[in-house]
Amino acid sequence: MNAWTADELTRIGAAEELQVSSTRADGTLRPYVTIWVVRAGDDIYIRSAYGSANPWFVRAGKSGTGRIRAGGVEKDVTFAEAAPEAHAAVDAAYHAKYDRYGATIVGTVTGPDAEATTFRLVPRAD
């Protein structure tokens, strides 16, 4: 199983935003979409702010793989399902990092409705 290095976790976790791209069927990357990112423990998580029908989220789920860029790190990843027990920590991480933007916007990526739009990013071998 691949894992993030301590440096990658720190840099991605500290980044204000992450760019995510999913892989097309032919192996090429789709255009990057900028979203929020959080670190919870030794994992990196992303959520769709506008639900499970958000096009980037649908494409990422369908392809299962892609690439991210954040904090000076660029990495091929697998979009993995988050464990149910991770959601409280992911919510807390989003609140700690982004609450300064207000409850309305942070509410789009926290709580029970947001759990269904959570990907745990797993680095793939280079």
# chains A, B, ... in the order shown; residues from 1 in each chain; ligands from 1
call {"tool": "residues_around", "arguments": {"residues": "Ile105 in chain A", "least_positions_apart": "6", "cutoff": "9 Å", "atoms": "only C-alpha atoms", "output": "list of chain:residue names"}}
result
A:Ala49, A:Tyr98, A:Asp99
call {"tool": "closest_residue", "arguments": {"among": "A:Ala80, A:Leu121, A:Asn54, A:Gly111", "to": "Ile12 in chain A", "atoms": "only C-alpha atoms"}}
result
A:Leu121
call {"tool": "select_by_dssp", "arguments": {"residues": "range 43-72 of chain A", "states": "alpha helix (DSSP H)", "output": "VMD selection string"}}
result
chain A and resid 55 to 63
call {"tool": "atom_distance", "arguments": {"atom1": "CA of His95 in chain A", "atom2": "CA of Asp43 in chain A"}}
result
16.5 Å
call {"tool": "closest_residue", "arguments": {"among": "A:Ala70, A:Val77, A:Ala114, A:Ala14", "to": "Leu29 in chain A", "atoms": "only C-alpha atoms"}}
result
A:Val77
call {"tool": "closest_residue", "arguments": {"among": "A:Ala60, A:Ala83, A:Ala89, A:Ile68", "to": "Gln19 in chain A", "atoms": "only C-alpha atoms"}}
result
A:Ile68
call {"tool": "atom_distance", "arguments": {"atom1": "CA of Val106 in chain A", "atom2": "CA of Thr5 in chain A"}}
result
27.8 Å
call {"tool": "atom_distance", "arguments": {"atom1": "CA of Arg59 in chain A", "atom2": "CA of Asp76 in chain A"}}
result
15.4 Å
call {"tool": "residues_around", "arguments": {"residues": "Ile46 in chain A", "least_positions_apart": "6", "cutoff": "9 Å", "atoms": "only C-alpha atoms", "output": "list of chain:residue names"}}
result
A:Leu18, A:Ile35, A:Trp36, A:Val37, A:Val38, A:Arg39, A:Val90, A:Val109, A:Thr117, A:Thr118, A:Phe119, A:Arg120, A:Leu121
call {"tool": "write_last_selection", "arguments": {"atoms": "N, CA and C atoms", "output": "mmCIF file, in the first residue's frame"}}
result
data_model
loop_
_atom_site.group_PDB
_atom_site.id
_atom_site.type_symbol
_atom_site.label_atom_id
_atom_site.label_comp_id
_atom_site.auth_asym_id
_atom_site.auth_seq_id
_atom_site.Cartn_x
_atom_site.Cartn_y
_atom_site.Cartn_z
ATOM 1 N N LEU A 18 -6.403 22.756 -3.372
ATOM 2 C CA LEU A 18 -5.813 21.653 -4.103
ATOM 3 C C LEU A 18 -6.416 21.653 -5.498
ATOM 4 N N ILE A 35 -10.221 22.962 -5.475
ATOM 5 C CA ILE A 35 -11.118 22.664 -4.355
ATOM 6 C C ILE A 35 -10.349 22.789 -3.037
ATOM 7 N N TRP A 36 -11.069 22.668 -1.935
ATOM 8 C CA TRP A 36 -10.444 22.633 -0.610
ATOM 9 C C TRP A 36 -9.939 21.233 -0.308
ATOM 10 N N VAL A 37 -8.948 21.174 0.578
ATOM 11 C CA VAL A 37 -8.325 19.906 0.957
ATOM 12 C C VAL A 37 -8.007 19.940 2.447
ATOM 13 N N VAL A 38 -8.132 18.787 3.102
ATOM 14 C CA VAL A 38 -7.750 18.697 4.512
ATOM 15 C C VAL A 38 -6.934 17.443 4.764
ATOM 16 N N ARG A 39 -6.169 17.551 5.817
ATOM 17 C CA ARG A 39 -5.427 16.404 6.343
ATOM 18 C C ARG A 39 -6.096 15.990 7.649
ATOM 19 N N VAL A 90 -12.582 14.346 9.616
ATOM 20 C CA VAL A 90 -12.568 15.149 8.386
ATOM 21 C C VAL A 90 -13.395 16.415 8.598
ATOM 22 N N VAL A 109 -19.275 21.387 2.999
ATOM 23 C CA VAL A 109 -18.293 20.295 3.021
ATOM 24 C C VAL A 109 -18.206 19.609 4.384
ATOM 25 N N THR A 117 -19.695 12.579 -0.248
ATOM 26 C CA THR A 117 -18.842 13.184 -1.277
ATOM 27 C C THR A 117 -17.383 13.217 -0.856
ATOM 28 N N THR A 118 -17.002 12.319 0.009
ATOM 29 C CA THR A 118 -15.638 12.289 0.548
ATOM 30 C C THR A 118 -14.774 11.290 -0.195
ATOM 31 N N PHE A 119 -13.624 11.753 -0.644
ATOM 32 C CA PHE A 119 -12.593 10.857 -1.162
ATOM 33 C C PHE A 119 -11.377 10.944 -0.259
ATOM 34 N N ARG A 120 -10.827 9.791 0.061
ATOM 35 C CA ARG A 120 -9.502 9.724 0.682
ATOM 36 C C ARG A 120 -8.529 9.560 -0.478
ATOM 37 N N LEU A 121 -7.555 10.443 -0.547
ATOM 38 C CA LEU A 121 -6.583 10.390 -1.642
ATOM 39 C C LEU A 121 -5.453 9.449 -1.281
#
call {"tool": "closest_residue", "arguments": {"among": "A:Ser63, A:Arg11, A:Ala40, A:Tyr50", "to": "Asp26 in chain A", "atoms": "only C-alpha atoms"}}
result
A:Ser63
call {"tool": "residues_around", "arguments": {"residues": "Asp7 in chain A", "least_positions_apart": "5", "cutoff": "12 Å", "atoms": "only C-alpha atoms", "output": "number ranges by chain"}}
result
A: 12-14, 42, 71-73
call {"tool": "write_last_selection", "arguments": {"atoms": "N, CA, C and O atoms", "output": "compact mmCIF listing (two decimals), in the first residue's frame"}}
result
# COMPACT_ATOMS: atom_id res chain seq x y z
N ILE A 12 0.70 19.33 1.63
CA ILE A 12 -0.67 19.28 1.10
C ILE A 12 -1.65 19.73 2.18
O ILE A 12 -2.58 20.49 1.90
N GLY A 13 -1.46 19.27 3.40
CA GLY A 13 -2.34 19.65 4.49
C GLY A 13 -2.36 21.13 4.77
O GLY A 13 -3.39 21.68 5.17
N ALA A 14 -1.24 21.80 4.55
CA ALA A 14 -1.15 23.24 4.80
C ALA A 14 -1.64 24.07 3.61
O ALA A 14 -1.90 25.27 3.76
N ASP A 42 -2.90 10.72 9.09
CA ASP A 42 -1.94 10.49 8.01
C ASP A 42 -2.62 10.33 6.66
O ASP A 42 -2.08 9.68 5.76
N GLY A 71 0.47 22.59 -2.54
CA GLY A 71 1.64 22.80 -1.70
C GLY A 71 2.95 22.43 -2.35
O GLY A 71 3.89 22.05 -1.66
N GLY A 72 3.02 22.52 -3.67
CA GLY A 72 4.25 22.15 -4.37
C GLY A 72 4.39 20.66 -4.62
O GLY A 72 5.41 20.21 -5.12
N VAL A 73 3.38 19.88 -4.26
CA VAL A 73 3.37 18.44 -4.49
C VAL A 73 2.45 18.15 -5.68
O VAL A 73 1.34 18.65 -5.74
call {"tool": "select_by_dssp", "arguments": {"residues": "range 9-65 of chain A", "states": "strand (DSSP E)", "output": "JSON list (two decimals) with C-alpha atoms, in the first residue's frame"}}
result
[["chain", "number", "residue", "atom", "x", "y", "z"],
["A", 18, "LEU", "CA", -5.81, 21.65, -4.10],
["A", 19, "GLN", "CA", -6.14, 21.12, -7.81],
["A", 20, "VAL", "CA", -7.66, 17.79, -8.76],
["A", 21, "SER", "CA", -7.91, 16.09, -12.14],
["A", 22, "SER", "CA", -9.46, 12.74, -12.96],
["A", 33, "VAL", "CA", -10.54, 21.81, -10.73],
["A", 34, "THR", "CA", -9.59, 23.83, -7.64],
["A", 35, "ILE", "CA", -11.12, 22.66, -4.35],
["A", 38, "VAL", "CA", -7.75, 18.70, 4.51],
["A", 39, "ARG", "CA", -5.43, 16.40, 6.34],
["A", 40, "ALA", "CA", -6.79, 14.14, 9.07],
["A", 43, "ASP", "CA", -4.56, 10.83, 5.28],
["A", 44, "ILE", "CA", -5.60, 13.53, 2.80],
["A", 45, "TYR", "CA", -9.28, 14.10, 2.07],
["A", 46, "ILE", "CA", -11.34, 16.08, -0.40],
["A", 47, "ARG", "CA", -15.10, 16.65, -0.58],
["A", 65, "THR", "CA", -7.74, 7.70, -10.49]]
call {"tool": "residues_around", "arguments": {"residues": "Lys75 in chain A", "least_positions_apart": "6", "cutoff": "10 Å", "atoms": "only C-alpha atoms", "output": "list in words"}}
result
Trp4, Glu8, Val20, Gly66, Arg67, Ile68, Arg69, Leu121, Val122, Pro123, Arg124, Ala125 and Asp126 of chain A
